[in-house]
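Raw contents of protein.cif, mmCIF, C-alpha atoms:
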```cif
data_run
#
loop_
_atom_site.group_PDB
_atom_site.id
_atom_site.type_symbol
_atom_site.label_atom_id
_atom_site.label_comp_id
_atom_site.auth_asym_id
_atom_site.auth_seq_id
_atom_site.Cartn_x
_atom_site.Cartn_y
_atom_site.Cartn_z
ATOM 1 C CA MET A 29 104.570 96.443 77.992
ATOM 2 C CA SER A 30 107.294 97.669 75.676
ATOM 3 C CA PRO A 31 106.999 100.899 73.708
ATOM 4 C CA ALA A 32 105.423 100.654 70.279
ATOM 5 C CA PRO A 33 107.803 100.413 67.294
ATOM 6 C CA ASP A 34 107.453 104.139 66.601
ATOM 7 C CA SER A 35 107.747 105.145 70.259
ATOM 8 C CA PRO A 36 109.994 108.172 70.720
ATOM 9 C CA VAL A 37 111.745 106.595 73.715
ATOM 10 C CA GLU A 38 114.323 103.811 73.660
ATOM 11 C CA THR A 39 115.127 102.467 77.124
ATOM 12 C CA ALA A 40 118.656 101.368 76.322
ATOM 13 C CA ASP A 41 120.126 98.991 78.931
ATOM 14 C CA LEU A 42 116.939 99.116 81.032
ATOM 15 C CA MET A 43 115.305 96.145 79.361
ATOM 16 C CA PRO A 44 117.160 92.813 79.061
ATOM 17 C CA ALA A 45 117.631 91.394 75.591
ATOM 18 C CA ARG A 46 115.109 88.712 74.675
ATOM 19 C CA PRO A 47 115.988 85.735 72.485
ATOM 20 C CA ALA A 48 114.252 85.653 69.126
ATOM 21 C CA LEU A 49 111.441 83.092 68.970
ATOM 22 C CA PRO A 50 110.698 81.100 65.817
ATOM 23 C CA ARG A 51 107.645 82.344 63.938
ATOM 24 C CA THR A 52 104.700 80.028 63.380
ATOM 25 C CA GLY A 53 101.830 80.470 60.980
ATOM 26 C CA PRO A 54 101.499 82.986 58.166
ATOM 27 C CA ARG A 55 103.602 86.128 58.354
ATOM 28 C CA ARG A 56 101.896 89.473 58.684
ATOM 29 C CA PRO A 57 102.388 91.903 55.835
ATOM 30 C CA ALA A 58 105.322 94.215 56.424
ATOM 31 C CA ARG A 59 104.366 97.506 58.004
ATOM 32 C CA PRO A 60 105.237 100.391 55.672
ATOM 33 C CA ALA A 61 108.004 102.576 57.072
ATOM 34 C CA LEU A 62 107.189 106.207 57.753
ATOM 35 C CA PRO A 63 109.044 108.799 55.711
ATOM 36 C CA PRO A 64 111.952 110.273 57.710
ATOM 37 C CA GLU A 65 110.230 113.649 58.009
ATOM 38 C CA LEU A 66 107.217 112.027 59.742
ATOM 39 C CA ARG A 67 109.153 109.876 62.192
ATOM 40 C CA PRO A 68 109.195 111.156 65.771
ATOM 41 C CA ALA A 69 112.532 112.130 67.212
ATOM 42 C CA ARG A 70 113.981 109.381 69.378
ATOM 43 C CA ALA A 71 115.641 109.703 72.758
ATOM 44 C CA VAL A 72 117.972 107.126 74.274
ATOM 45 C CA VAL A 73 117.480 106.789 78.036
ATOM 46 C CA ARG A 74 120.302 105.184 79.972
ATOM 47 C CA ARG A 75 120.311 104.046 83.594
ATOM 48 C CA SER A 76 123.404 106.150 84.335
ATOM 49 C CA ALA A 77 121.530 109.340 83.427
ATOM 50 C CA GLY A 78 119.679 109.374 86.762
ATOM 51 C CA SER A 79 116.303 108.308 88.129
ATOM 52 C CA TRP A 80 114.406 111.324 86.782
ATOM 53 C CA THR A 81 115.533 110.972 83.165
ATOM 54 C CA LEU A 82 113.042 108.365 81.939
ATOM 55 C CA GLN A 83 109.897 110.127 83.133
ATOM 56 C CA THR A 84 111.248 113.551 82.130
ATOM 57 C CA THR A 85 111.923 112.249 78.617
ATOM 58 C CA LEU A 86 108.420 110.829 78.365
ATOM 59 C CA HIS A 87 107.011 114.187 79.497
ATOM 60 C CA ARG A 88 109.139 116.021 76.967
ATOM 61 C CA HIS A 89 107.755 113.863 74.155
ATOM 62 C CA GLY A 90 104.155 114.541 75.148
ATOM 63 C CA LEU A 91 103.560 111.206 76.900
ATOM 64 C CA GLY A 92 103.022 112.542 80.418
ATOM 65 C CA PRO A 93 101.909 112.619 83.087
ATOM 66 C CA VAL A 94 103.939 109.542 84.032
ATOM 67 C CA ALA A 95 102.758 107.352 86.913
ATOM 68 C CA GLY A 96 105.013 104.970 88.799
ATOM 69 C CA VAL A 97 103.511 101.923 90.519
ATOM 70 C CA ASP A 98 104.941 99.674 93.228
ATOM 71 C CA GLU A 99 103.839 97.496 96.151
ATOM 72 C CA ALA A 100 104.883 96.557 99.678
ATOM 73 C CA GLY A 101 104.219 93.323 101.533
ATOM 74 C CA ARG A 102 104.274 90.895 98.625
ATOM 75 C CA GLY A 103 106.492 88.399 100.469
ATOM 76 C CA ALA A 104 104.967 88.799 103.932
ATOM 77 C CA CYS A 105 102.894 86.002 105.458
ATOM 78 C CA ALA A 106 100.818 88.401 107.575
ATOM 79 C CA GLY A 107 99.143 91.743 107.052
ATOM 80 C CA PRO A 108 97.829 93.477 103.943
ATOM 81 C CA LEU A 109 99.396 93.975 100.557
ATOM 82 C CA VAL A 110 99.692 97.704 99.831
ATOM 83 C CA VAL A 111 100.013 99.125 96.304
ATOM 84 C CA ALA A 112 100.673 102.764 95.420
ATOM 85 C CA ALA A 113 100.703 104.865 92.262
ATOM 86 C CA CYS A 114 102.439 108.226 92.104
ATOM 87 C CA VAL A 115 102.903 111.026 89.571
ATOM 88 C CA LEU A 116 105.773 113.432 90.207
ATOM 89 C CA ARG A 117 106.376 116.810 88.615
ATOM 90 C CA PRO A 118 109.639 116.762 86.625
ATOM 91 C CA GLY A 119 110.646 120.057 88.231
ATOM 92 C CA ASP A 120 110.657 118.584 91.748
ATOM 93 C CA ALA A 121 113.898 116.618 91.404
ATOM 94 C CA LYS A 122 115.735 118.937 93.820
ATOM 95 C CA ARG A 123 112.972 118.740 96.435
ATOM 96 C CA LEU A 124 113.177 114.944 96.324
ATOM 97 C CA ASP A 125 116.935 114.630 95.939
ATOM 98 C CA GLY A 126 118.152 111.202 97.054
ATOM 99 C CA LEU A 127 114.793 109.489 96.543
ATOM 100 C CA THR A 128 115.305 105.792 95.785
ATOM 101 C CA ASP A 129 113.918 102.326 96.476
ATOM 102 C CA SER A 130 112.220 102.384 99.887
ATOM 103 C CA LYS A 131 114.100 99.230 100.923
ATOM 104 C CA LEU A 132 117.376 101.152 100.622
ATOM 105 C CA LEU A 133 116.203 103.966 102.913
ATOM 106 C CA THR A 134 116.175 104.040 106.697
ATOM 107 C CA PRO A 135 112.757 104.167 108.409
ATOM 108 C CA ALA A 136 113.377 107.832 109.333
ATOM 109 C CA ALA A 137 114.311 108.704 105.745
ATOM 110 C CA ARG A 138 111.219 106.921 104.430
ATOM 111 C CA GLU A 139 109.023 108.994 106.731
ATOM 112 C CA GLN A 140 110.689 112.219 105.525
ATOM 113 C CA TYR A 141 110.235 111.307 101.871
ATOM 114 C CA PHE A 142 106.653 110.210 102.545
ATOM 115 C CA ALA A 143 105.857 113.689 103.850
ATOM 116 C CA LEU A 144 107.595 115.333 100.879
ATOM 117 C CA ILE A 145 105.915 113.074 98.324
ATOM 118 C CA THR A 146 102.414 113.535 99.711
ATOM 119 C CA ARG A 147 102.986 117.304 99.747
ATOM 120 C CA TRP A 148 104.588 117.804 96.339
ATOM 121 C CA ALA A 149 103.396 114.933 94.155
ATOM 122 C CA GLN A 150 101.132 115.925 91.303
ATOM 123 C CA ASP A 151 98.951 112.899 92.030
ATOM 124 C CA HIS A 152 99.069 109.771 94.160
ATOM 125 C CA ALA A 153 96.841 106.934 95.323
ATOM 126 C CA VAL A 154 97.282 104.045 97.758
ATOM 127 C CA VAL A 155 95.310 100.777 97.747
ATOM 128 C CA VAL A 156 95.249 98.387 100.728
ATOM 129 C CA ILE A 157 94.443 94.747 99.930
ATOM 130 C CA PRO A 158 93.467 92.728 103.035
ATOM 131 C CA PRO A 159 94.976 89.289 103.763
ATOM 132 C CA GLU A 160 91.755 87.445 102.950
ATOM 133 C CA GLU A 161 91.753 88.908 99.430
ATOM 134 C CA VAL A 162 95.413 87.944 99.013
ATOM 135 C CA ASP A 163 94.475 84.385 100.028
ATOM 136 C CA ARG A 164 91.478 84.298 97.704
ATOM 137 C CA ARG A 165 93.207 85.690 94.620
ATOM 138 C CA GLY A 166 96.832 84.707 95.228
ATOM 139 C CA VAL A 167 99.626 87.193 95.843
ATOM 140 C CA HIS A 168 100.525 87.887 92.218
ATOM 141 C CA VAL A 169 96.958 88.297 90.963
ATOM 142 C CA ALA A 170 96.089 90.497 93.959
ATOM 143 C CA ASN A 171 99.192 92.574 93.266
ATOM 144 C CA ILE A 172 98.352 93.083 89.587
ATOM 145 C CA GLU A 173 94.747 93.985 90.390
ATOM 146 C CA GLY A 174 95.975 96.365 93.103
ATOM 147 C CA MET A 175 98.208 98.130 90.583
ATOM 148 C CA ARG A 176 95.283 98.634 88.235
ATOM 149 C CA ARG A 177 93.117 99.926 91.077
ATOM 150 C CA ALA A 178 95.827 102.320 92.259
ATOM 151 C CA VAL A 179 96.260 103.824 88.780
ATOM 152 C CA ALA A 180 92.474 104.042 88.353
ATOM 153 C CA ALA A 181 92.256 105.892 91.694
ATOM 154 C CA LEU A 182 94.515 108.721 90.476
ATOM 155 C CA ALA A 183 92.701 112.004 89.981
ATOM 156 C CA GLY A 184 93.817 112.171 86.353
ATOM 157 C CA ARG A 185 94.520 109.481 83.786
ATOM 158 C CA PRO A 186 98.282 109.111 83.262
ATOM 159 C CA GLY A 187 99.767 109.270 79.806
ATOM 160 C CA TYR A 188 102.264 106.535 80.657
ATOM 161 C CA VAL A 189 102.706 104.012 83.488
ATOM 162 C CA LEU A 190 106.025 102.612 84.730
ATOM 163 C CA THR A 191 105.970 99.349 86.682
ATOM 164 C CA ASP A 192 108.727 97.745 88.698
ATOM 165 C CA GLY A 193 110.146 94.611 87.139
ATOM 166 C CA PHE A 194 107.307 92.872 85.322
ATOM 167 C CA PRO A 195 104.841 94.026 82.666
ATOM 168 C CA VAL A 196 101.241 94.787 83.609
ATOM 169 C CA ARG A 197 98.368 95.457 81.231
ATOM 170 C CA GLY A 198 94.959 96.933 81.791
ATOM 171 C CA PHE A 199 95.878 100.451 82.910
ATOM 172 C CA GLY A 200 94.124 102.123 79.991
ATOM 173 C CA SER A 201 97.441 103.825 79.199
ATOM 174 C CA PRO A 202 100.717 102.642 77.654
ATOM 175 C CA ALA A 203 102.950 100.951 80.220
ATOM 176 C CA LEU A 204 106.590 99.950 80.461
ATOM 177 C CA ALA A 205 108.155 97.404 82.829
ATOM 178 C CA VAL A 206 111.460 98.723 84.150
ATOM 179 C CA PRO A 207 113.840 96.256 85.842
ATOM 180 C CA LYS A 208 114.673 97.564 89.329
ATOM 181 C CA GLY A 209 112.290 100.390 88.557
ATOM 182 C CA ASP A 210 112.284 101.666 92.131
ATOM 183 C CA GLN A 211 115.979 102.491 91.672
ATOM 184 C CA VAL A 212 115.734 103.656 88.053
ATOM 185 C CA ALA A 213 112.566 105.800 87.932
ATOM 186 C CA ALA A 214 111.824 108.404 90.613
ATOM 187 C CA CYS A 215 108.048 108.008 90.288
ATOM 188 C CA VAL A 216 108.332 104.257 90.952
ATOM 189 C CA ALA A 217 110.605 104.975 93.935
ATOM 190 C CA ALA A 218 108.001 107.431 95.232
ATOM 191 C CA ALA A 219 105.287 104.777 94.882
ATOM 192 C CA SER A 220 107.465 102.296 96.770
ATOM 193 C CA VAL A 221 107.883 104.789 99.636
ATOM 194 C CA LEU A 222 104.137 105.488 99.800
ATOM 195 C CA ALA A 223 103.334 101.761 99.841
ATOM 196 C CA LYS A 224 106.053 100.826 102.338
ATOM 197 C CA VAL A 225 105.349 103.593 104.864
ATOM 198 C CA THR A 226 101.589 103.012 104.676
ATOM 199 C CA ARG A 227 102.014 99.290 105.250
ATOM 200 C CA ASP A 228 104.540 99.714 108.064
ATOM 201 C CA ARG A 229 102.130 102.047 109.865
ATOM 202 C CA LEU A 230 99.330 99.515 109.482
ATOM 203 C CA MET A 231 101.541 96.737 110.861
ATOM 204 C CA VAL A 232 102.505 98.858 113.857
ATOM 205 C CA GLY A 233 98.784 99.371 114.475
ATOM 206 C CA LEU A 234 98.182 95.612 114.234
ATOM 207 C CA ASP A 235 100.976 95.077 116.750
ATOM 208 C CA GLY A 236 98.804 96.790 119.354
ATOM 209 C CA GLU A 237 96.000 94.331 118.609
ATOM 210 C CA PHE A 238 98.244 91.258 118.339
ATOM 211 C CA PRO A 239 101.313 92.025 120.503
ATOM 212 C CA GLN A 240 102.334 88.368 120.731
ATOM 213 C CA TYR A 241 103.580 88.288 117.129
ATOM 214 C CA GLY A 242 105.927 91.304 117.102
ATOM 215 C CA PHE A 243 104.436 92.868 113.943
ATOM 216 C CA ALA A 244 105.966 96.261 114.791
ATOM 217 C CA GLU A 245 109.413 94.712 114.508
ATOM 218 C CA HIS A 246 109.249 92.413 111.461
ATOM 219 C CA LYS A 247 106.148 93.891 109.746
ATOM 220 C CA GLY A 248 104.663 90.469 109.050
ATOM 221 C CA TYR A 249 107.630 89.005 107.145
ATOM 222 C CA CYS A 250 108.853 85.518 107.966
ATOM 223 C CA THR A 251 111.702 86.140 110.369
ATOM 224 C CA PRO A 252 112.804 83.517 112.925
ATOM 225 C CA ALA A 253 111.071 85.549 115.666
ATOM 226 C CA HIS A 254 107.823 85.556 113.669
ATOM 227 C CA ASP A 255 108.096 81.827 113.018
ATOM 228 C CA ALA A 256 108.596 81.212 116.748
ATOM 229 C CA ALA A 257 105.520 83.305 117.578
ATOM 230 C CA LEU A 258 103.480 81.385 114.994
ATOM 231 C CA ALA A 259 104.583 78.096 116.526
ATOM 232 C CA ALA A 260 103.710 79.307 120.039
ATOM 233 C CA HIS A 261 100.394 81.053 119.375
ATOM 234 C CA GLY A 262 99.178 79.794 116.017
ATOM 235 C CA PRO A 263 98.098 82.175 113.224
ATOM 236 C CA SER A 264 95.828 85.178 113.730
ATOM 237 C CA ARG A 265 93.054 86.451 111.491
ATOM 238 C CA VAL A 266 95.523 88.798 109.764
ATOM 239 C CA HIS A 267 97.858 86.004 108.666
ATOM 240 C CA ARG A 268 97.795 84.724 105.086
ATOM 241 C CA PHE A 269 96.568 81.147 105.213
ATOM 242 C CA SER A 270 97.661 80.464 101.636
ATOM 243 C CA PHE A 271 101.278 80.544 102.868
ATOM 244 C CA VAL A 272 102.738 77.163 103.740
ATOM 245 C CA ASN A 273 104.313 78.218 107.045
ATOM 246 C CA VAL A 274 101.005 79.687 108.268
ATOM 247 C CA ARG A 275 99.118 76.545 107.308
ATOM 248 C CA ALA A 276 101.695 74.422 109.098
ATOM 249 C CA ALA A 277 101.395 76.575 112.232
ATOM 250 C CA ARG A 278 97.621 76.121 112.157
ATOM 251 C CA GLY A 279 98.143 72.372 112.158
ATOM 252 C CA ASP A 280 97.192 71.717 108.546
ATOM 253 C CA ASP A 281 98.875 68.718 106.937
ATOM 254 C CA VAL A 282 101.666 70.088 104.774
ATOM 255 C CA SER A 283 102.699 67.075 102.729
ATOM 256 C CA ALA A 284 106.283 66.142 101.974
ATOM 257 C CA LEU A 285 105.528 66.808 98.314
ATOM 258 C CA GLU A 286 104.490 70.395 99.093
ATOM 259 C CA ALA A 287 107.561 70.897 101.250
ATOM 260 C CA ALA A 288 109.823 69.604 98.478
ATOM 261 C CA ALA A 289 108.088 71.842 95.938
ATOM 262 C CA ALA A 290 108.580 74.807 98.263
ATOM 263 C CA VAL A 291 112.308 74.168 98.482
ATOM 264 C CA SER A 292 112.663 73.728 94.726
ATOM 265 C CA LEU A 293 110.775 76.965 94.050
ATOM 266 C CA THR A 294 112.788 79.065 96.484
ATOM 267 C CA ALA A 295 115.428 80.052 93.945
ATOM 268 C CA ALA A 296 112.894 80.532 91.155
ATOM 269 C CA LEU A 297 110.490 83.019 92.721
ATOM 270 C CA VAL A 298 111.344 86.692 92.476
ATOM 271 C CA HIS A 299 109.934 89.861 93.971
ATOM 272 C CA ASN A 300 109.533 92.489 91.245
ATOM 273 C CA GLY A 301 112.339 90.898 89.301
ATOM 274 C CA SER A 302 115.005 91.583 91.893
ATOM 275 C CA LEU A 303 114.549 90.072 95.363
ATOM 276 C CA THR A 304 114.357 86.358 96.006
ATOM 277 C CA VAL A 305 111.176 85.177 97.698
ATOM 278 C CA GLY A 306 111.659 81.940 99.552
ATOM 279 C CA LEU A 307 110.961 80.138 102.805
ATOM 280 C CA SER A 308 111.107 81.586 106.287
ATOM 281 C CA ASP A 309 114.830 81.076 106.703
ATOM 282 C CA VAL A 310 115.782 83.429 103.856
ATOM 283 C CA GLY A 311 115.037 86.575 105.854
ATOM 284 C CA VAL A 312 112.541 89.393 106.055
ATOM 285 C CA GLU A 313 111.515 89.206 102.396
ATOM 286 C CA GLY A 314 110.665 85.528 102.789
ATOM 287 C CA GLY A 315 107.423 83.589 102.697
ATOM 288 C CA LEU A 316 106.071 81.132 100.184
ATOM 289 C CA GLU A 317 102.543 80.864 98.889
ATOM 290 C CA LEU A 318 101.311 77.466 97.759
#
```
As structure tokens, how would this structure be written, given the file I've shared?
Amino acid sequence: MSPAPDSPVETADLMPARPALPRTGPRRPARPALPPELRPARAVVRRSAGSWTLQTTLHRHGLGPVAGVDEAGRGACAGPLVVAACVLRPGDAKRLDGLTDSKLLTPAAREQYFALITRWAQDHAVVVIPPEEVDRRGVHVANIEGMRRAVAALAGRPGYVLTDGFPVRGFGSPALAVPKGDQVAACVAAASVLAKVTRDRLMVGLDGEFPQYGFAEHKGYCTPAHDAALAAHGPSRVHRFSFVNVRAARGDDVSALEAAAAVSLTAALVHNGSLTVGLSDVGVEGGLEL
């Protein structure tokens, strides 16, 4: 959701330009412009200013606290989808120096930041969505609902919500979609770390219950090793049966039409506006829901 016309924050070069669409129907009456003395001061936020600048600017203009939201496990074909919301104090930038997208951090670094975030964050919440709910709702719908639940689970209502990549409504607070938000906004990066570490720990736990699949290694994503284990052992109860490779491993008839549609959609599907989501052979972020 973009800021309102009189919003005091302009996210220059964070949001891509949108082509103008032709108007249909009667035009709304022009909104009267506020006198200059009543207009709020505007701040231009640029990506190069650092990952703490956007939320700090929102705080400074009275729109805090600012919550960042992100998920882990969207492209996996096994295990839960985990969504986190996090509110950071603007003064904690030095304590969390180097915080960025969890996918760009080593597992050891993620664990260190997880401990720092859970200790110093003003507020945070994590929601775990089981595979059966992902199958029932679909990945995207389950993800959106998980984001709303994570924000609702915060101890206090945020003044503003930043999401990674695509707009989400229904938070009860103004929200802004930030492309590559987990690299641009520290609170979104913190949410990505909370979600990723929580999910990785759950997958390691599931590896003890289902050692034949190697969940501790690939965390439920569609790697060649995971595909081989699916072919050898069939899917488990923690696999997502709405994913075409899981259905095929179970012996369901995956028609040629579905397979062709899967290939054609590979380049079109995106994960939070940045990572391609495709079939098993595209790597650890792979997996296709049909």
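Distance annotation: of A:Asp228, A:Ala217, A:Pro159, A:Pro63, the residue with the minimal separation from Leu124 in chain A is A:Ala217; atom set is all atoms listed in the file.
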Non-local contacts of Arg176 in chain A (9 Å; only C-alpha atoms; under 2 positions in same chain excluded) as a ChimeraX atom specification: /A:171-174,178-181,196-199
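Taking CA of Val94 in chain A and CA of Asp210 in chain A as endpoints, the distance between them is 14.0 Å.
Rounded to one decimal, CA of Gln150 in chain A and CA of Val110 in chain A lie 20.2 Å from each other.
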Nearest to Val206 in chain A, chosen from A:Thr146, A:Asn273, A:Gln83, A:Gln240, with only C-alpha atoms counted in the distances: A:Gln83
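Considering all atoms listed in the file, the residue among A:Ala143, A:Val154, A:Val169, A:Leu234 positioned nearest to Ser220 in chain A is A:Val154.
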Gap from CA of Val274 in chain A to CA of Val111 in chain A - Å, one decimal: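 Taking CA of Val274 in chain A as the start and CA of Val111 in chain A as the end point, the length is 22.8 Å.
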Nearest-residue call for Arg185 in chain A, choices A:Val232, A:Cys114, A:Val225, A:Ala106, using all atoms listed in the file: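 Of all the options, A:Cys114 lies closest to Arg185 in chain A.
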Spatial sel., origin (101.0, 93.3, 98.7), limit 8 Å, only C-alpha atoms, listed as a PyMOL selection string: chain A and resi 99-104+108-111+156-157+162+167+170-171
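Minimum atom-to-atom distances from A:Glu161, A:Asp280, A:Glu139, A:Asp192 to Thr226 in chain A were compared using only C-alpha atoms, and the lowest value belongs to A:Glu139.
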Option closest in space to Ala218 in chain A, from A:Leu204, A:Ile145, A:Leu230, A:Ala137 [counting all atoms listed in the file]: A:Ile145
Radius query 8 Å about (111.0, 99.1, 87.3), atoms used: all atoms listed in the file, as a ChimeraX atom specification: /A:190-194,205-213,216,300
Export of prior selection with C-alpha atoms as a short mmCIF file (atom, residue, chain, number, x, y, z; two decimals), in the coordinates of the input:
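File written: out-v1.cif
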```cif
data_model
loop_
_atom_site.label_atom_id
_atom_site.label_comp_id
_atom_site.auth_asym_id
_atom_site.auth_seq_id
_atom_site.Cartn_x
_atom_site.Cartn_y
_atom_site.Cartn_z
CA LEU A 190 106.02 102.61 84.73
CA THR A 191 105.97 99.35 86.68
CA ASP A 192 108.73 97.74 88.70
CA GLY A 193 110.15 94.61 87.14
CA PHE A 194 107.31 92.87 85.32
CA ALA A 205 108.16 97.40 82.83
CA VAL A 206 111.46 98.72 84.15
CA PRO A 207 113.84 96.26 85.84
CA LYS A 208 114.67 97.56 89.33
CA GLY A 209 112.29 100.39 88.56
CA ASP A 210 112.28 101.67 92.13
CA GLN A 211 115.98 102.49 91.67
CA VAL A 212 115.73 103.66 88.05
CA ALA A 213 112.57 105.80 87.93
CA VAL A 216 108.33 104.26 90.95
CA ASN A 300 109.53 92.49 91.24
#
```
Selection result of the PyMOL selection byres ((chain A and resi 248) around 8) on this file, as an MDAnalysis selection string: chainID A and resid 104:107 231 243 246:247 249:250 254
